[in-house]
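J.: To start, I am sharing the structure in question, which I have written as structure tokens.
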Amino acid sequence: MMVYINGETHDIADNTTVAELVATLGLTGKKIAIELNQEILPFQLYQNQTLKPEDRLEIVHAIGGGQEDGFVIAGVTYHSRLLVGTGKYKDMEETRLAIEASGAQIVTVAIRRTNIGQNPDEPNLLDVISPDKYTILPNTAGCYTAEEAVRTCRLGRELLGGHKLVKLEVLADQKTLFPDVAQTYIAAELLVKDGFDVMVYTNDDPIAAKRLEDIGCVAVMPLAAPIGSGLGIRNPYNILTIVENARVPILVDAGVGTASDAAIAMELGCAGVLMNTAIAEAKNPILMASAMRKGIEAGREAFLAGRMPRKRFASASSPIDGLFF
């Protein structure tokens, strides 16, 4: 007989129970919820509920934000396409709540000298964002030479027990915080040779992005606008060119200001967006984190859906045949 599962037709044996169907689908023991003919079916009824022809089932599970079509970085699949930072929040609790609201799976942290003699009871960032729950992404924020960046990554690897995934950024000056691309090339080559999985911040330059990919970086992260500016994507066609020519994930990094900026990045085909200031400096950071999550999801869905072509003149949405005048 034929039933509908998540909108698609399936042929199953007569008198199949929901429990038997779940087993056939390989979902036994999984955390799922089932709606049968628009009514929630409690788990304890699966065994005795016999399906009938043309029954309609919706089977859902929970994912960590973003869309089910995950993207892969260094062999790991992530479903949340929003990556977040940890700076500029008023306290650790706000940091924790904002990150939770964002649905992020990858959280970037800066590596800094410890404050010798600090109160031993002072909370540690890694107590708030546990490596057991999140992928911690050490970054080289504040580094202005390849040597500084490489040393920082090695310290981060030691701090996190051999963790290889890092975010590389080598800055050119303190005013613009633009990347020093020449130093970035040097640092990327050294880190890749040293066994690191490098996600790299760079200009929105298709040539630079391609060279960093060729060096062996696992993801390339062109800026949308200067770090912390909130100006949004200034050169969408550059980003589009980078995406179209890439074999690794492209993630917009820096310059996002609000949820519509994140959506635009996703509509261009980016694998994700990394942000910090846009959330942390919002009037309500926790609400903005939630908005950014939704913006990422909406932009990704729009990209997958394929937007209508732009037209110079109007096109009627209702047919003109059959008008009575």
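Identifiers for the structure tokens are assigned positionally: chains receive A, B, ... in sequence, residues are indexed from 1 per chain, and ligands are indexed from 1 in the order shown.
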Within 8 Å of stretch 282-299 of chain A, which residues of stretch 252-276 of chain A come that close, and what is the closest atom pair and distance in Å for each? Count only C-alpha atoms and give it as CSV.
T.:
residue,atom,partner,partner_atom,distance
A:Thr258,CA,A:Met292,CA,7.0
A:Ala259,CA,A:Met292,CA,4.7
A:Ser260,CA,A:Gly295,CA,6.2
A:Ala262,CA,A:Ile296,CA,5.7
A:Ala263,CA,A:Gly299,CA,4.0
A:Ile264,CA,A:Gly299,CA,6.3
A:Ala265,CA,A:Gly299,CA,7.4
A:Met266,CA,A:Gly299,CA,4.8
A:Glu267,CA,A:Gly299,CA,5.0
A:Gly272,CA,A:Ile296,CA,7.7
A:Val273,CA,A:Ile296,CA,7.9
J.: Name the residues in contact with A:Arg96 at a cut-off of 10 Å, using only C-alpha atoms, excluding same-chain residues fewer than 4 positions from it; report them as a list in words.
T.: Thr86, Tyr89, Asp91, Met92, Glu100, Ala101, Leu125, Asp127, Val128, Ile129 and Ile286 of chain A
J.: Within 8 Å of A:Val18, counting only C-alpha atoms, which residues show up once you throw out same-chain ones fewer than 5 positions away? Write them as an NGL selection string, please.
T.: :A and (46-51)
J.: Would you pick out the contacts of stretch 248-255 of chain A at 7 Å or less, using only C-alpha atoms, so that residues sharing its chain but fewer than 6 positions from it are not included, and give the list as a PyMOL selection string?
T.: chain A and resi 201+218-232+265+270-275
J.: Would you output that residue set with N, CA and C atoms, as a PDB file, in the first residue's frame?
T.:
ATOM      1  N   TYR A 201      41.173  34.419   7.046  1.00  0.00           N
ATOM      2  CA  TYR A 201      40.570  35.729   6.784  1.00  0.00           C
ATOM      3  C   TYR A 201      41.382  36.451   5.721  1.00  0.00           C
ATOM      4  N   VAL A 218      41.542  25.107   4.547  1.00  0.00           N
ATOM      5  CA  VAL A 218      40.322  24.299   4.478  1.00  0.00           C
ATOM      6  C   VAL A 218      39.079  25.166   4.285  1.00  0.00           C
ATOM      7  N   ALA A 219      39.181  26.457   4.512  1.00  0.00           N
ATOM      8  CA  ALA A 219      38.082  27.398   4.255  1.00  0.00           C
ATOM      9  C   ALA A 219      38.689  28.778   4.067  1.00  0.00           C
ATOM     10  N   VAL A 220      38.079  29.550   3.172  1.00  0.00           N
ATOM     11  CA  VAL A 220      38.540  30.917   2.910  1.00  0.00           C
ATOM     12  C   VAL A 220      37.435  31.866   3.343  1.00  0.00           C
ATOM     13  N   MET A 221      37.825  32.966   4.037  1.00  0.00           N
ATOM     14  CA  MET A 221      36.862  33.838   4.690  1.00  0.00           C
ATOM     15  C   MET A 221      37.079  35.290   4.278  1.00  0.00           C
ATOM     16  N   PRO A 222      36.567  35.680   3.109  1.00  0.00           N
ATOM     17  CA  PRO A 222      36.715  37.075   2.680  1.00  0.00           C
ATOM     18  C   PRO A 222      35.863  38.014   3.521  1.00  0.00           C
ATOM     19  N   LEU A 223      36.364  39.223   3.726  1.00  0.00           N
ATOM     20  CA  LEU A 223      35.608  40.208   4.496  1.00  0.00           C
ATOM     21  C   LEU A 223      34.442  40.745   3.667  1.00  0.00           C
ATOM     22  N   ALA A 224      33.380  41.112   4.362  1.00  0.00           N
ATOM     23  CA  ALA A 224      32.260  41.814   3.727  1.00  0.00           C
ATOM     24  C   ALA A 224      32.524  43.312   3.732  1.00  0.00           C
ATOM     25  N   ALA A 225      33.154  43.770   4.818  1.00  0.00           N
ATOM     26  CA  ALA A 225      33.505  45.172   5.054  1.00  0.00           C
ATOM     27  C   ALA A 225      34.508  45.167   6.199  1.00  0.00           C
ATOM     28  N   PRO A 226      35.096  46.306   6.553  1.00  0.00           N
ATOM     29  CA  PRO A 226      36.064  46.307   7.654  1.00  0.00           C
ATOM     30  C   PRO A 226      35.506  45.696   8.940  1.00  0.00           C
ATOM     31  N   ILE A 227      36.384  45.048   9.690  1.00  0.00           N
ATOM     32  CA  ILE A 227      36.013  44.396  10.947  1.00  0.00           C
ATOM     33  C   ILE A 227      35.282  45.372  11.859  1.00  0.00           C
ATOM     34  N   GLY A 228      34.137  44.963  12.367  1.00  0.00           N
ATOM     35  CA  GLY A 228      33.394  45.767  13.328  1.00  0.00           C
ATOM     36  C   GLY A 228      32.676  46.964  12.761  1.00  0.00           C
ATOM     37  N   SER A 229      32.665  47.120  11.419  1.00  0.00           N
ATOM     38  CA  SER A 229      32.062  48.314  10.828  1.00  0.00           C
ATOM     39  C   SER A 229      30.543  48.216  10.696  1.00  0.00           C
ATOM     40  N   GLY A 230      30.020  47.014  10.533  1.00  0.00           N
ATOM     41  CA  GLY A 230      28.584  46.848  10.353  1.00  0.00           C
ATOM     42  C   GLY A 230      28.064  47.381   9.028  1.00  0.00           C
ATOM     43  N   LEU A 231      28.940  47.555   8.053  1.00  0.00           N
ATOM     44  CA  LEU A 231      28.544  48.148   6.774  1.00  0.00           C
ATOM     45  C   LEU A 231      27.876  47.159   5.820  1.00  0.00           C
ATOM     46  N   GLY A 232      27.935  45.887   6.121  1.00  0.00           N
ATOM     47  CA  GLY A 232      27.348  44.896   5.236  1.00  0.00           C
ATOM     48  C   GLY A 232      28.262  44.577   4.059  1.00  0.00           C
ATOM     49  N   ALA A 265      24.666  37.281   2.197  1.00  0.00           N
ATOM     50  CA  ALA A 265      25.843  36.414   2.064  1.00  0.00           C
ATOM     51  C   ALA A 265      25.427  34.997   1.698  1.00  0.00           C
ATOM     52  N   CYS A 270      27.432  31.538  -0.169  1.00  0.00           N
ATOM     53  CA  CYS A 270      28.448  31.288   0.850  1.00  0.00           C
ATOM     54  C   CYS A 270      28.041  30.108   1.728  1.00  0.00           C
ATOM     55  N   ALA A 271      29.043  29.403   2.237  1.00  0.00           N
ATOM     56  CA  ALA A 271      28.774  28.266   3.115  1.00  0.00           C
ATOM     57  C   ALA A 271      28.339  28.716   4.498  1.00  0.00           C
ATOM     58  N   GLY A 272      28.727  29.918   4.891  1.00  0.00           N
ATOM     59  CA  GLY A 272      28.374  30.406   6.216  1.00  0.00           C
ATOM     60  C   GLY A 272      28.862  31.828   6.416  1.00  0.00           C
ATOM     61  N   VAL A 273      28.614  32.333   7.630  1.00  0.00           N
ATOM     62  CA  VAL A 273      29.016  33.688   7.996  1.00  0.00           C
ATOM     63  C   VAL A 273      29.558  33.649   9.417  1.00  0.00           C
ATOM     64  N   LEU A 274      30.695  34.312   9.630  1.00  0.00           N
ATOM     65  CA  LEU A 274      31.239  34.461  10.976  1.00  0.00           C
ATOM     66  C   LEU A 274      31.053  35.906  11.412  1.00  0.00           C
ATOM     67  N   MET A 275      30.564  36.094  12.631  1.00  0.00           N
ATOM     68  CA  MET A 275      30.351  37.457  13.129  1.00  0.00           C
ATOM     69  C   MET A 275      30.528  37.508  14.634  1.00  0.00           C
TER      70      MET A 275
END
J.: Give me, as a CSV table (one decimal) with C-alpha atoms, in the first residue's frame, the residues of stretch 119-307 of chain A that a backbone DSSP run labels helix (DSSP H, G or I).
T.:
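As a result, result.csv now contains:
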chain,number,residue,atom,x,y,z
A,125,LEU,CA,35.6,31.3,28.9
A,126,LEU,CA,35.9,27.6,28.2
A,127,ASP,CA,33.7,26.9,31.2
A,128,VAL,CA,31.0,28.9,29.4
A,146,ALA,CA,53.2,35.8,10.1
A,147,GLU,CA,55.5,34.9,13.0
A,148,GLU,CA,53.1,36.2,15.6
A,149,ALA,CA,50.2,34.3,14.0
A,150,VAL,CA,52.0,31.0,13.8
A,151,ARG,CA,53.2,31.2,17.4
A,152,THR,CA,49.6,32.0,18.5
A,153,CYS,CA,48.2,29.0,16.6
A,154,ARG,CA,50.7,26.7,18.2
A,155,LEU,CA,49.9,28.0,21.7
A,156,GLY,CA,46.2,27.5,20.9
A,157,ARG,CA,46.8,23.9,19.8
A,158,GLU,CA,48.6,23.3,23.1
A,159,LEU,CA,45.8,25.0,25.1
A,181,VAL,CA,47.7,39.4,2.5
A,182,ALA,CA,51.5,38.9,1.9
A,183,GLN,CA,52.0,37.9,5.5
A,184,THR,CA,48.8,35.8,5.4
A,185,TYR,CA,50.3,33.7,2.6
A,186,ILE,CA,53.5,33.1,4.6
A,187,ALA,CA,51.6,32.2,7.7
A,188,ALA,CA,49.2,29.9,5.9
A,189,GLU,CA,52.0,28.0,4.2
A,190,LEU,CA,53.8,27.5,7.5
A,191,LEU,CA,50.6,26.4,9.4
A,192,VAL,CA,49.5,24.0,6.7
A,193,LYS,CA,53.0,22.4,6.7
A,206,PRO,CA,39.2,36.4,-5.9
A,207,ILE,CA,42.9,36.0,-6.8
A,208,ALA,CA,44.0,36.1,-3.1
A,209,ALA,CA,41.2,33.7,-2.2
A,210,LYS,CA,42.2,31.2,-4.8
A,211,ARG,CA,45.8,31.3,-3.8
A,212,LEU,CA,45.0,30.6,-0.2
A,213,GLU,CA,42.9,27.7,-1.3
A,214,ASP,CA,45.8,26.4,-3.4
A,215,ILE,CA,48.1,26.7,-0.4
A,236,PRO,CA,28.8,41.3,-3.6
A,237,TYR,CA,30.1,40.5,-7.1
A,238,ASN,CA,33.6,39.8,-5.7
A,239,ILE,CA,32.1,37.5,-3.1
A,240,LEU,CA,30.1,35.7,-5.8
A,241,THR,CA,33.2,35.3,-8.0
A,242,ILE,CA,35.1,33.8,-5.1
A,243,VAL,CA,32.3,31.4,-4.3
A,244,GLU,CA,31.9,30.3,-8.0
A,259,ALA,CA,20.3,39.9,9.7
A,260,SER,CA,19.7,41.1,6.1
A,261,ASP,CA,23.5,41.2,5.6
A,262,ALA,CA,23.8,37.6,6.7
A,263,ALA,CA,20.9,36.6,4.4
A,264,ILE,CA,22.6,38.3,1.4
A,265,ALA,CA,25.8,36.4,2.1
A,266,MET,CA,23.9,33.2,2.1
A,267,GLU,CA,22.0,34.1,-1.1
A,277,THR,CA,30.4,42.7,16.8
A,278,ALA,CA,27.0,42.7,15.0
A,279,ILE,CA,25.6,40.5,17.8
A,280,ALA,CA,27.6,41.7,20.8
A,285,PRO,CA,22.5,40.9,21.8
A,286,ILE,CA,20.5,37.7,22.6
A,287,LEU,CA,17.6,38.8,20.4
A,288,MET,CA,20.1,39.8,17.6
A,289,ALA,CA,21.7,36.4,17.8
A,290,SER,CA,18.4,34.8,17.2
A,291,ALA,CA,17.7,37.2,14.3
A,292,MET,CA,21.1,36.3,12.7
A,293,ARG,CA,20.2,32.6,13.0
A,294,LYS,CA,17.0,33.2,11.1
A,295,GLY,CA,18.7,35.4,8.6
A,296,ILE,CA,21.2,32.7,7.8
A,297,GLU,CA,18.5,30.1,7.5
A,298,ALA,CA,16.3,32.3,5.2
A,299,GLY,CA,19.2,33.2,3.0
A,300,ARG,CA,20.3,29.6,2.6
A,301,GLU,CA,16.7,28.6,1.7
A,302,ALA,CA,16.5,31.4,-0.9
A,303,PHE,CA,19.8,30.3,-2.4
A,304,LEU,CA,18.6,26.7,-2.7
A,305,ALA,CA,15.2,27.8,-4.1
J.: Check the smallest atom-to-atom distance from each of A:Ser130, A:Ala23, A:Asp173, A:Val166 to A:Cys143 using only C-alpha atoms, then report the winner.
T.: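 That would be A:Asp173, the residue with the smallest distance to A:Cys143.
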J.: Atom CA of A:Asn15 and atom CA of A:Arg56 are how many Å apart?
T.: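 About the pair atom CA of A:Asn15 and atom CA of A:Arg56: they are 15.0 Å apart.
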J.: Please run DSSP on the backbone and report, as a compact mmCIF listing (two decimals) with N, CA, C and O atoms, in the first residue's frame, all residues within stretch 59-205 of chain A that come out as strand (DSSP E).
T.:
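Written file, states_8.txt:
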# COMPACT_ATOMS: atom_id res chain seq x y z
N ILE A 59 7.91 13.09 9.89
CA ILE A 59 8.90 12.61 10.86
C ILE A 59 9.99 13.67 10.97
O ILE A 59 10.61 14.02 9.96
N VAL A 60 10.20 14.18 12.16
CA VAL A 60 11.17 15.26 12.34
C VAL A 60 12.17 14.90 13.42
O VAL A 60 11.93 14.04 14.27
N PHE A 71 27.61 21.62 5.69
CA PHE A 71 28.83 21.86 4.95
C PHE A 71 29.99 21.27 5.75
O PHE A 71 29.88 21.07 6.97
N VAL A 72 31.07 20.96 5.07
CA VAL A 72 32.16 20.20 5.68
C VAL A 72 33.40 21.08 5.79
O VAL A 72 33.81 21.72 4.82
N ILE A 73 33.97 21.09 6.99
CA ILE A 73 35.25 21.76 7.22
C ILE A 73 36.18 20.76 7.88
O ILE A 73 35.86 20.21 8.94
N VAL A 76 34.67 17.45 9.00
CA VAL A 76 33.56 17.47 9.96
C VAL A 76 32.38 18.20 9.33
O VAL A 76 32.54 19.29 8.76
N THR A 77 31.19 17.61 9.45
CA THR A 77 29.99 18.23 8.90
C THR A 77 29.31 19.10 9.95
O THR A 77 29.10 18.66 11.08
N TYR A 78 29.00 20.32 9.56
CA TYR A 78 28.30 21.26 10.44
C TYR A 78 26.96 21.62 9.81
O TYR A 78 26.86 21.79 8.60
N LEU A 82 26.05 29.57 10.90
CA LEU A 82 26.40 30.79 11.62
C LEU A 82 27.52 30.47 12.60
O LEU A 82 27.37 29.62 13.48
N LEU A 83 28.65 31.15 12.44
CA LEU A 83 29.79 31.02 13.35
C LEU A 83 29.88 32.32 14.13
O LEU A 83 29.69 33.40 13.57
N VAL A 84 30.18 32.24 15.41
CA VAL A 84 30.16 33.45 16.24
C VAL A 84 31.44 33.58 17.06
O VAL A 84 32.12 32.60 17.36
N GLY A 85 31.71 34.83 17.43
CA GLY A 85 32.83 35.14 18.30
C GLY A 85 32.37 35.35 19.73
O GLY A 85 31.17 35.28 20.04
N ILE A 106 30.26 26.35 15.80
CA ILE A 106 31.66 26.76 15.81
C ILE A 106 31.74 28.12 16.48
O ILE A 106 31.05 29.06 16.08
N VAL A 107 32.59 28.23 17.49
CA VAL A 107 32.74 29.47 18.26
C VAL A 107 34.22 29.85 18.26
O VAL A 107 35.07 29.04 18.65
N THR A 108 34.52 31.07 17.84
CA THR A 108 35.91 31.49 17.76
C THR A 108 36.33 32.23 19.01
O THR A 108 35.55 33.00 19.59
N VAL A 109 37.56 31.99 19.45
CA VAL A 109 38.10 32.61 20.66
C VAL A 109 39.49 33.16 20.37
O VAL A 109 40.25 32.59 19.58
N ALA A 110 39.81 34.27 21.00
CA ALA A 110 41.15 34.85 20.88
C ALA A 110 42.07 34.21 21.91
O ALA A 110 41.64 33.84 23.01
N THR A 135 32.61 23.37 18.69
CA THR A 135 33.95 23.35 18.10
C THR A 135 34.58 24.70 18.39
O THR A 135 34.09 25.74 17.93
N ILE A 136 35.65 24.70 19.18
CA ILE A 136 36.33 25.94 19.53
C ILE A 136 37.34 26.26 18.45
O ILE A 136 38.16 25.43 18.06
N LEU A 137 37.25 27.49 17.94
CA LEU A 137 38.10 27.92 16.84
C LEU A 137 39.06 29.01 17.33
O LEU A 137 38.69 30.19 17.38
N PRO A 138 40.28 28.65 17.74
CA PRO A 138 41.25 29.68 18.14
C PRO A 138 41.55 30.59 16.96
O PRO A 138 41.69 30.13 15.83
N ASN A 139 41.66 31.89 17.24
CA ASN A 139 42.00 32.81 16.16
C ASN A 139 43.23 33.63 16.51
O ASN A 139 43.66 33.67 17.66
N LEU A 165 42.20 22.83 14.19
CA LEU A 165 41.43 23.81 13.42
C LEU A 165 41.65 25.20 13.99
O LEU A 165 41.41 25.45 15.18
N VAL A 166 42.10 26.13 13.15
CA VAL A 166 42.38 27.50 13.59
C VAL A 166 41.86 28.50 12.57
O VAL A 166 41.70 28.17 11.39
N LYS A 167 41.61 29.71 13.06
CA LYS A 167 41.28 30.81 12.16
C LYS A 167 42.48 31.74 12.10
O LYS A 167 42.90 32.33 13.10
N LEU A 168 43.02 31.89 10.89
CA LEU A 168 44.19 32.73 10.67
C LEU A 168 43.78 34.10 10.20
O LEU A 168 43.03 34.24 9.22
N ASP A 197 44.65 22.75 10.29
CA ASP A 197 43.54 22.97 9.39
C ASP A 197 43.19 24.46 9.47
O ASP A 197 42.69 24.92 10.50
N VAL A 198 43.47 25.19 8.41
CA VAL A 198 43.46 26.66 8.47
C VAL A 198 42.22 27.23 7.78
O VAL A 198 41.99 27.00 6.59
N MET A 199 41.44 27.97 8.55
CA MET A 199 40.38 28.82 8.00
C MET A 199 40.95 30.23 7.99
O MET A 199 41.41 30.73 9.02
N VAL A 200 40.94 30.90 6.85
CA VAL A 200 41.76 32.10 6.70
C VAL A 200 40.93 33.32 6.31
O VAL A 200 40.13 33.29 5.38
N TYR A 201 41.17 34.42 7.05
CA TYR A 201 40.57 35.73 6.78
C TYR A 201 41.38 36.45 5.72
O TYR A 201 42.61 36.50 5.79
N THR A 202 40.68 37.03 4.73
CA THR A 202 41.39 37.71 3.65
C THR A 202 40.52 38.81 3.07
O THR A 202 39.36 38.99 3.47
